[in-house]
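Asks: Next up is a structure, given as structure tokens.
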Amino acid sequence: MVSDASRPRAGNAHPTPWHAPASGTTVLAAALMIFGGAMALFEGIAAVTQDDLFLATRHYVFEFSLAGWGWIHLILGIVLVAAGCAVISGALWARFFGVAIAGLGAIANFLWLPYYPLWALVLIAVNFFIIWALCTGMHREADTGPTA
């Protein structure tokens, strides 16, 4: 007995590129990007205003002024939130851009460790999860392809 599953199906002569913004890992990455970007934004605002929250260490190799670090985190936070919104909308470029910005965020928070160690460690972990989720989402979506 022959089933319908064994019949050849007509293919699309001009397939369109498929970018699913709604896969689980992509949504996780976008949510983490928005969360991590907001936390970096708050971190930057607190540093720019010279808040007493931060520890000032002496003889640190990457010694910038607190306001300088604040502007770095503020800009990275804004860009990360914008990239997270673009990932949710389904932009393919935003995934690659998100990996790059999350990598820069992890490096910036590693250099920020002496100023606020616990917050920096949490944001380093968030940035690594962003990178993992974006890369895993791209890999899984490429394997599954579009479903008709």
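Letters A, B, ... mark the chains of the structure tokens in the order given; residue numbers begin at 1 per chain; ligand numbers begin at 1, in order shown.
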Just the residues within 7 Å of Glu43 in chain A, please, counting only C-alpha atoms, with nothing from its chain fewer than 3 positions along; format it as a ChimeraX atom specification.

Replies: /A:39-40,46-47,70,73

Asks: Output N, CA and C atoms for every residue in the selection just made, as a compact mmCIF listing (two decimals), in the first residue's frame.

Replies:
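Contents of again_1.txt, freshly written:
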```
# COMPACT_ATOMS: atom_id res chain seq x y z
N MET A 39 20.50 46.68 31.90
CA MET A 39 21.38 46.67 33.07
C MET A 39 22.67 47.46 32.80
N ALA A 40 23.23 47.32 31.60
CA ALA A 40 24.41 48.10 31.24
C ALA A 40 24.08 49.58 31.18
N ALA A 46 24.68 55.21 36.44
CA ALA A 46 25.21 55.31 37.80
C ALA A 46 26.68 55.74 37.79
N ALA A 47 27.45 55.26 36.83
CA ALA A 47 28.87 55.62 36.77
C ALA A 47 29.07 57.05 36.29
N GLY A 70 31.47 54.83 32.54
CA GLY A 70 30.02 55.01 32.47
C GLY A 70 29.54 55.24 31.05
N HIS A 73 29.67 51.94 29.06
CA HIS A 73 28.56 51.04 29.38
C HIS A 73 27.23 51.61 28.90
```

Asks: Find the distance between CA of Ala106 in chain A and CA of Gly24 in chain A and write it in Å to one decimal.

Replies: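 Atom-to-atom, CA of Ala106 in chain A to CA of Gly24 in chain A, that is 22.8 Å.
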
Asks: With distances taken over only C-alpha atoms, which of A:Ile75, A:Leu66, A:Val99, A:Leu32 is nearest to Tyr115 in chain A?

Replies: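 The closest residue to Tyr115 in chain A is A:Leu66.
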
Asks: Between CA of Met33 in chain A and CA of Phe64 in chain A, what is the distance in Å, rounded to a tenth?

Replies: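 One can read the CA of Met33 in chain A to CA of Phe64 in chain A distance as 25.6 Å.
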